[in-house]
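As stored in run.cif (mmCIF, C-alpha atoms):
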```
data_my_file
loop_
_atom_site.group_PDB
_atom_site.id
_atom_site.type_symbol
_atom_site.label_atom_id
_atom_site.label_comp_id
_atom_site.auth_asym_id
_atom_site.auth_seq_id
_atom_site.Cartn_x
_atom_site.Cartn_y
_atom_site.Cartn_z
ATOM 1 C CA MET A 1 -109.737 11.678 5.262
ATOM 2 C CA ALA A 2 -110.125 7.920 5.841
ATOM 3 C CA GLU A 3 -113.716 8.089 4.522
ATOM 4 C CA GLU A 4 -112.479 9.801 1.355
ATOM 5 C CA ASP A 5 -109.800 7.121 0.956
ATOM 6 C CA ALA A 6 -112.370 4.356 1.494
ATOM 7 C CA SER A 7 -114.733 6.004 -1.007
ATOM 8 C CA HIS A 8 -111.924 6.312 -3.516
ATOM 9 C CA LYS A 9 -110.988 2.654 -3.049
ATOM 10 C CA ALA A 10 -114.630 1.616 -3.438
ATOM 11 C CA ARG A 11 -115.013 3.634 -6.649
ATOM 12 C CA GLU A 12 -111.721 2.283 -7.995
ATOM 13 C CA GLY A 13 -112.762 -1.288 -7.160
ATOM 14 C CA LEU A 14 -116.138 -0.812 -8.852
ATOM 15 C CA ARG A 15 -114.428 0.702 -11.895
ATOM 16 C CA LYS A 16 -112.016 -2.261 -12.142
ATOM 17 C CA SER A 17 -114.860 -4.731 -11.733
ATOM 18 C CA VAL A 18 -116.937 -3.041 -14.451
ATOM 19 C CA VAL A 19 -113.943 -2.777 -16.801
ATOM 20 C CA GLY A 20 -113.142 -6.443 -16.141
ATOM 21 C CA LYS A 21 -116.722 -7.493 -16.877
ATOM 22 C CA PHE A 22 -116.671 -5.385 -20.048
ATOM 23 C CA LYS A 23 -113.449 -7.055 -21.166
ATOM 24 C CA GLU A 24 -114.829 -10.499 -20.371
ATOM 25 C CA VAL A 25 -118.000 -9.853 -22.383
ATOM 26 C CA ALA A 26 -116.044 -8.224 -25.237
ATOM 27 C CA GLY A 27 -113.648 -11.159 -25.294
ATOM 28 C CA ALA A 28 -116.516 -13.637 -25.353
ATOM 29 C CA LEU A 29 -118.238 -11.761 -28.195
ATOM 30 C CA THR A 30 -115.043 -11.455 -30.241
ATOM 31 C CA ARG A 31 -113.852 -14.961 -29.278
ATOM 32 C CA ASN A 32 -110.708 -13.415 -27.839
ATOM 33 C CA ASP A 33 -109.843 -15.789 -24.968
ATOM 34 C CA SER A 34 -107.017 -13.620 -23.669
ATOM 35 C CA LEU A 35 -109.349 -10.613 -23.366
ATOM 36 C CA THR A 36 -111.933 -12.796 -21.635
ATOM 37 C CA ALA A 37 -109.275 -14.124 -19.229
ATOM 38 C CA GLU A 38 -107.968 -10.598 -18.597
ATOM 39 C CA GLY A 39 -111.506 -9.431 -17.823
ATOM 40 C CA ARG A 40 -112.056 -12.278 -15.365
ATOM 41 C CA LEU A 41 -108.691 -11.586 -13.785
ATOM 42 C CA GLU A 42 -109.502 -7.907 -13.303
ATOM 43 C CA GLN A 43 -112.836 -8.811 -11.733
ATOM 44 C CA GLU A 44 -111.140 -11.265 -9.355
ATOM 45 C CA GLU A 45 -108.508 -8.669 -8.476
ATOM 46 C CA ALA A 46 -111.248 -6.130 -7.709
ATOM 47 C CA ARG A 47 -113.081 -8.684 -5.544
ATOM 48 C CA LYS A 48 -109.925 -9.605 -3.583
ATOM 49 C CA ARG A 49 -108.990 -5.956 -3.102
ATOM 50 C CA LYS A 50 -112.508 -5.247 -1.778
ATOM 51 C CA GLU A 51 -112.215 -8.165 0.667
ATOM 52 C CA ALA A 52 -108.796 -6.955 1.815
ATOM 53 C CA ASP A 53 -110.053 -3.375 2.263
ATOM 54 C CA THR A 54 -113.030 -4.643 4.242
ATOM 55 C CA SER A 55 -110.747 -6.716 6.496
ATOM 56 C CA ALA A 56 -108.456 -3.724 7.032
ATOM 57 C CA GLN A 57 -111.416 -1.484 7.917
ATOM 58 C CA LEU A 58 -112.727 -4.055 10.409
ATOM 59 C CA ALA A 59 -109.296 -4.345 12.009
ATOM 60 C CA ASP A 60 -109.046 -0.535 12.259
ATOM 61 C CA ALA A 61 -112.492 -0.360 13.851
ATOM 62 C CA GLU A 62 -111.574 -3.069 16.371
ATOM 63 C CA ALA A 63 -108.343 -1.275 17.234
ATOM 64 C CA LYS A 64 -110.242 1.989 17.800
ATOM 65 C CA GLN A 65 -112.835 0.202 19.902
ATOM 66 C CA ALA A 66 -110.106 -1.393 22.033
ATOM 67 C CA THR A 67 -108.379 1.988 22.443
ATOM 68 C CA ASP A 68 -111.674 3.620 23.452
ATOM 69 C CA HIS A 69 -112.257 0.824 25.959
ATOM 70 C CA LEU A 70 -108.775 1.314 27.409
ATOM 71 C CA GLU A 71 -109.469 5.025 27.870
ATOM 72 C CA ALA A 72 -112.760 4.180 29.588
ATOM 73 C CA VAL A 73 -110.954 1.746 31.902
ATOM 74 C CA HIS A 74 -108.408 4.422 32.801
ATOM 75 C CA GLU A 75 -111.190 6.913 33.525
ATOM 76 C CA ALA A 76 -113.053 4.375 35.660
ATOM 77 C CA GLY A 77 -109.850 3.750 37.618
ATOM 78 C CA ARG A 78 -109.353 7.471 38.197
ATOM 79 C CA GLN A 79 -112.943 7.804 39.372
ATOM 80 C CA GLU A 80 -112.615 4.810 41.693
ATOM 81 C CA ARG A 81 -109.448 6.272 43.224
ATOM 82 C CA ALA A 82 -111.178 9.624 43.700
ATOM 83 C CA ALA A 83 -114.166 7.889 45.330
ATOM 84 C CA ALA A 84 -111.838 5.931 47.629
ATOM 85 C CA GLU A 85 -110.118 9.179 48.638
ATOM 86 C CA ARG A 86 -113.490 10.817 49.308
ATOM 87 C CA ARG A 87 -114.553 7.854 51.401
ATOM 88 C CA ALA A 88 -111.276 7.998 53.292
ATOM 89 C CA ASP A 89 -111.732 11.736 53.840
ATOM 90 C CA ALA A 90 -115.320 11.205 54.995
ATOM 91 C CA THR A 91 -114.217 8.448 57.357
ATOM 92 C CA GLU A 92 -111.471 10.620 58.758
ATOM 93 C CA THR A 93 -113.874 13.523 59.216
ATOM 94 C CA ARG A 94 -116.341 11.320 61.089
ATOM 95 C CA ALA A 95 -113.530 10.066 63.308
ATOM 96 C CA HIS A 96 -112.576 13.655 64.197
ATOM 97 C CA GLN A 97 -116.169 14.609 64.979
ATOM 98 C CA GLU A 98 -116.623 11.617 67.272
ATOM 99 C CA ALA A 99 -113.365 12.444 68.985
ATOM 100 C CA GLU A 100 -114.524 15.991 69.668
ATOM 101 C CA MET A 101 -117.797 14.801 71.212
ATOM 102 C CA ARG A 102 -115.943 12.441 73.539
ATOM 103 C CA LYS A 103 -113.247 14.919 74.389
ATOM 104 C CA HIS A 104 -114.993 16.162 77.544
ATOM 105 C CA GLU A 105 -115.543 12.663 78.907
ATOM 106 C CA ALA A 106 -112.070 11.293 78.637
ATOM 107 C CA GLU A 107 -109.242 13.055 76.809
ATOM 108 C CA ARG A 108 -106.943 10.101 76.783
ATOM 109 C CA GLU A 109 -109.590 7.595 75.671
ATOM 110 C CA GLN A 110 -110.643 9.947 72.887
ATOM 111 C CA GLN A 111 -107.085 10.265 71.582
ATOM 112 C CA GLU A 112 -106.628 6.506 71.432
ATOM 113 C CA GLN A 113 -109.936 6.066 69.622
ATOM 114 C CA VAL A 114 -109.034 8.713 67.030
ATOM 115 C CA ALA A 115 -105.695 7.057 66.427
ATOM 116 C CA ARG A 116 -107.359 3.661 65.888
ATOM 117 C CA GLU A 117 -110.001 5.040 63.527
ATOM 118 C CA LYS A 118 -107.435 7.030 61.560
ATOM 119 C CA ALA A 119 -105.226 3.997 61.132
ATOM 120 C CA GLN A 120 -108.177 1.909 60.006
ATOM 121 C CA ALA A 121 -109.332 4.616 57.572
ATOM 122 C CA THR A 122 -105.830 4.790 56.141
ATOM 123 C CA ARG A 123 -105.685 1.004 55.773
ATOM 124 C CA ASP A 124 -109.161 0.931 54.187
ATOM 125 C CA ALA A 125 -108.235 3.730 51.794
ATOM 126 C CA ALA A 126 -104.956 2.040 50.921
ATOM 127 C CA LEU A 127 -106.728 -1.271 50.425
ATOM 128 C CA ALA A 128 -109.475 0.332 48.303
ATOM 129 C CA GLU A 129 -106.888 2.171 46.222
ATOM 130 C CA GLN A 130 -104.863 -1.032 45.853
ATOM 131 C CA ARG A 131 -107.981 -2.925 44.696
ATOM 132 C CA ALA A 132 -108.887 -0.132 42.267
ATOM 133 C CA ARG A 133 -105.389 -0.150 40.800
ATOM 134 C CA ALA A 134 -105.344 -3.944 40.568
ATOM 135 C CA GLY A 135 -108.679 -3.910 38.743
ATOM 136 C CA GLU A 136 -107.539 -1.118 36.458
ATOM 137 C CA ASN A 137 -104.278 -2.917 35.718
ATOM 138 C CA ALA A 138 -106.103 -6.159 34.929
ATOM 139 C CA GLU A 139 -108.544 -4.401 32.614
ATOM 140 C CA ALA A 140 -105.734 -2.404 31.031
ATOM 141 C CA ALA A 141 -103.812 -5.614 30.380
ATOM 142 C CA ASP A 142 -106.913 -7.186 28.787
ATOM 143 C CA VAL A 143 -107.489 -4.123 26.642
ATOM 144 C CA ALA A 144 -103.805 -3.974 25.697
ATOM 145 C CA ALA A 145 -104.033 -7.617 24.645
ATOM 146 C CA ASP A 146 -107.160 -6.785 22.603
ATOM 147 C CA VAL A 147 -105.333 -3.868 20.981
ATOM 148 C CA GLY A 148 -102.387 -6.136 20.227
ATOM 149 C CA ASP A 149 -104.736 -8.748 18.736
ATOM 150 C CA ALA A 150 -106.477 -6.080 16.651
ATOM 151 C CA HIS A 151 -103.139 -4.778 15.423
ATOM 152 C CA ALA A 152 -102.026 -8.328 14.597
ATOM 153 C CA GLU A 153 -105.265 -8.948 12.702
ATOM 154 C CA HIS A 154 -104.805 -5.675 10.888
ATOM 155 C CA GLY A 155 -101.250 -6.705 9.940
ATOM 156 C CA GLU A 156 -102.532 -10.054 8.709
ATOM 157 C CA ALA A 157 -105.270 -8.339 6.689
ATOM 158 C CA VAL A 158 -102.718 -6.008 5.118
ATOM 159 C CA THR A 159 -100.437 -8.964 4.350
ATOM 160 C CA ASP A 160 -103.357 -10.918 2.861
ATOM 161 C CA ALA A 161 -104.349 -7.904 0.762
ATOM 162 C CA GLU A 162 -100.802 -7.529 -0.542
ATOM 163 C CA ARG A 163 -100.585 -11.257 -1.256
ATOM 164 C CA ALA A 164 -103.918 -11.079 -3.130
ATOM 165 C CA ARG A 165 -102.700 -8.078 -5.105
ATOM 166 C CA LEU A 166 -99.487 -9.903 -6.019
ATOM 167 C CA GLU A 167 -101.405 -13.013 -7.030
ATOM 168 C CA ALA A 168 -103.741 -10.913 -9.149
ATOM 169 C CA GLU A 169 -100.755 -9.188 -10.725
ATOM 170 C CA GLN A 170 -99.178 -12.568 -11.531
ATOM 171 C CA GLU A 171 -102.440 -13.782 -13.034
ATOM 172 C CA ARG A 172 -102.709 -10.587 -15.102
ATOM 173 C CA ARG A 173 -99.160 -11.058 -16.378
ATOM 174 C CA ARG A 174 -99.894 -14.661 -17.245
ATOM 175 C CA ALA A 175 -103.029 -13.567 -19.080
ATOM 176 C CA GLU A 176 -101.061 -10.910 -20.951
ATOM 177 C CA ALA A 177 -98.348 -13.435 -21.829
ATOM 178 C CA LEU A 178 -100.989 -15.909 -22.938
ATOM 179 C CA GLY A 179 -102.647 -13.176 -24.987
ATOM 180 C CA GLN A 180 -99.360 -12.263 -26.624
ATOM 181 C CA ALA A 181 -98.573 -15.908 -27.307
ATOM 182 C CA LEU A 182 -102.001 -16.406 -28.855
ATOM 183 C CA ASP A 183 -101.582 -13.226 -30.911
ATOM 184 C CA GLU A 184 -98.180 -14.419 -32.156
ATOM 185 C CA HIS A 185 -99.565 -17.877 -32.847
ATOM 186 C CA ASP A 186 -102.504 -16.414 -34.805
ATOM 187 C CA ARG A 187 -100.144 -14.365 -37.011
#
```

Starting from the file, give its structure as structure tokens.
Amino acid sequence: MAEEDASHKAREGLRKSVVGKFKEVAGALTRNDSLTAEGRLEQEEARKRKEADTSAQLADAEAKQATDHLEAVHEAGRQERAAAERRADATETRAHQEAEMRKHEAEREQQEQVAREKAQATRDAALAEQRARAGENAEAADVAADVGDAHAEHGEAVTDAERARLEAEQERRRAEALGQALDEHDR
């Protein structure tokens, strides 16, 4: 749908530019300054609209890229947490296996060792998860800032496009008024 809209805008801009050039040439040939000015104005309006549309498309692309990056950061965080849990599980499993092998030698010593290894595995897993979350949060904040910047740029591009359209409209009205004044003067 956006491609169709962009294609429509491109065709409309080309049409306005061609019509403006035609009016400019026709005005020059017929020595009609108001028609020449109107043609130039329409060409300028088409050029400014094209620039504004291009800026808006770039801002949209940057916003999508930032959103895609944010999703990738979230996925990387989920994977890191899963890996930390697997490592914690593997560490805990190894601790249990070692405890079983030592069980026959000294039951009490084995129980203390298991408790120490479990506590360490839990601390390591908690620390790894905390680091993964901190990294994810930092990247998410950066991406959110990028998305905010892209949205701000998009807003500025839209504002600039509207301002250009209004300026072109004012210039067109001035050209029309000038044309009417010249027509009345020539009568």

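Put simply, CA of Val158 in chain A is 17.9 Å away from CA of Glu3 in chain A.
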
Quick one: 3 Å padding each side, axis-aligned, all listed atoms of range 99-108 of chain A - centre and edge lengths in Å to one decimal, as lines of an AutoDock Vina configuration file?
```
center_x = -112.4
center_y = 13.1
center_z = 73.9
size_x = 16.9
size_y = 12.1
size_z = 15.9
```

Could you list the residues chosen by the PyMOL selection byres ((chain A and resi 45-48) around 10) in this structure as a PDB file with C-alpha atoms, in the frame of the given file?
```
ATOM      1  CA  LYS A   9    -110.988   2.654  -3.049  1.00  0.00           C
ATOM      2  CA  ALA A  10    -114.630   1.616  -3.438  1.00  0.00           C
ATOM      3  CA  GLU A  12    -111.721   2.283  -7.995  1.00  0.00           C
ATOM      4  CA  GLY A  13    -112.762  -1.288  -7.160  1.00  0.00           C
ATOM      5  CA  LEU A  14    -116.138  -0.812  -8.852  1.00  0.00           C
ATOM      6  CA  ARG A  15    -114.428   0.702 -11.895  1.00  0.00           C
ATOM      7  CA  LYS A  16    -112.016  -2.261 -12.142  1.00  0.00           C
ATOM      8  CA  SER A  17    -114.860  -4.731 -11.733  1.00  0.00           C
ATOM      9  CA  VAL A  18    -116.937  -3.041 -14.451  1.00  0.00           C
ATOM     10  CA  GLY A  20    -113.142  -6.443 -16.141  1.00  0.00           C
ATOM     11  CA  GLY A  39    -111.506  -9.431 -17.823  1.00  0.00           C
ATOM     12  CA  ARG A  40    -112.056 -12.278 -15.365  1.00  0.00           C
ATOM     13  CA  LEU A  41    -108.691 -11.586 -13.785  1.00  0.00           C
ATOM     14  CA  GLU A  42    -109.502  -7.907 -13.303  1.00  0.00           C
ATOM     15  CA  GLN A  43    -112.836  -8.811 -11.733  1.00  0.00           C
ATOM     16  CA  GLU A  44    -111.140 -11.265  -9.355  1.00  0.00           C
ATOM     17  CA  ARG A  49    -108.990  -5.956  -3.102  1.00  0.00           C
ATOM     18  CA  LYS A  50    -112.508  -5.247  -1.778  1.00  0.00           C
ATOM     19  CA  GLU A  51    -112.215  -8.165   0.667  1.00  0.00           C
ATOM     20  CA  ALA A  52    -108.796  -6.955   1.815  1.00  0.00           C
ATOM     21  CA  ASP A  53    -110.053  -3.375   2.263  1.00  0.00           C
ATOM     22  CA  THR A  54    -113.030  -4.643   4.242  1.00  0.00           C
ATOM     23  CA  ASP A 160    -103.357 -10.918   2.861  1.00  0.00           C
ATOM     24  CA  ALA A 161    -104.349  -7.904   0.762  1.00  0.00           C
ATOM     25  CA  GLU A 162    -100.802  -7.529  -0.542  1.00  0.00           C
ATOM     26  CA  ARG A 163    -100.585 -11.257  -1.256  1.00  0.00           C
ATOM     27  CA  ALA A 164    -103.918 -11.079  -3.130  1.00  0.00           C
ATOM     28  CA  ARG A 165    -102.700  -8.078  -5.105  1.00  0.00           C
ATOM     29  CA  LEU A 166     -99.487  -9.903  -6.019  1.00  0.00           C
ATOM     30  CA  GLU A 167    -101.405 -13.013  -7.030  1.00  0.00           C
ATOM     31  CA  ALA A 168    -103.741 -10.913  -9.149  1.00  0.00           C
ATOM     32  CA  GLU A 169    -100.755  -9.188 -10.725  1.00  0.00           C
ATOM     33  CA  GLU A 171    -102.440 -13.782 -13.034  1.00  0.00           C
ATOM     34  CA  ARG A 172    -102.709 -10.587 -15.102  1.00  0.00           C
TER      35      ARG A 172
END
```

How would you write, as a short mmCIF file (atom, residue, chain, number, x, y, z; two decimals) with C-alpha atoms, in the coordinates of the input, the residues chosen by the PyMOL selection byres ((chain A and resi 182-185) around 12) on this structure?
```cif
data_model
loop_
_atom_site.label_atom_id
_atom_site.label_comp_id
_atom_site.auth_asym_id
_atom_site.auth_seq_id
_atom_site.Cartn_x
_atom_site.Cartn_y
_atom_site.Cartn_z
CA ARG A 31 -113.85 -14.96 -29.28
CA ASN A 32 -110.71 -13.42 -27.84
CA ASP A 33 -109.84 -15.79 -24.97
CA SER A 34 -107.02 -13.62 -23.67
CA LEU A 35 -109.35 -10.61 -23.37
CA ARG A 174 -99.89 -14.66 -17.24
CA ALA A 175 -103.03 -13.57 -19.08
CA GLU A 176 -101.06 -10.91 -20.95
CA ALA A 177 -98.35 -13.44 -21.83
CA LEU A 178 -100.99 -15.91 -22.94
CA GLY A 179 -102.65 -13.18 -24.99
CA GLN A 180 -99.36 -12.26 -26.62
CA ALA A 181 -98.57 -15.91 -27.31
CA ASP A 186 -102.50 -16.41 -34.80
CA ARG A 187 -100.14 -14.36 -37.01
#
```

CA of Val25 in chain A and CA of Arg11 in chain A are how many Å apart?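 Going from CA of Val25 in chain A over to CA of Arg11 in chain A, I get 20.9 Å.
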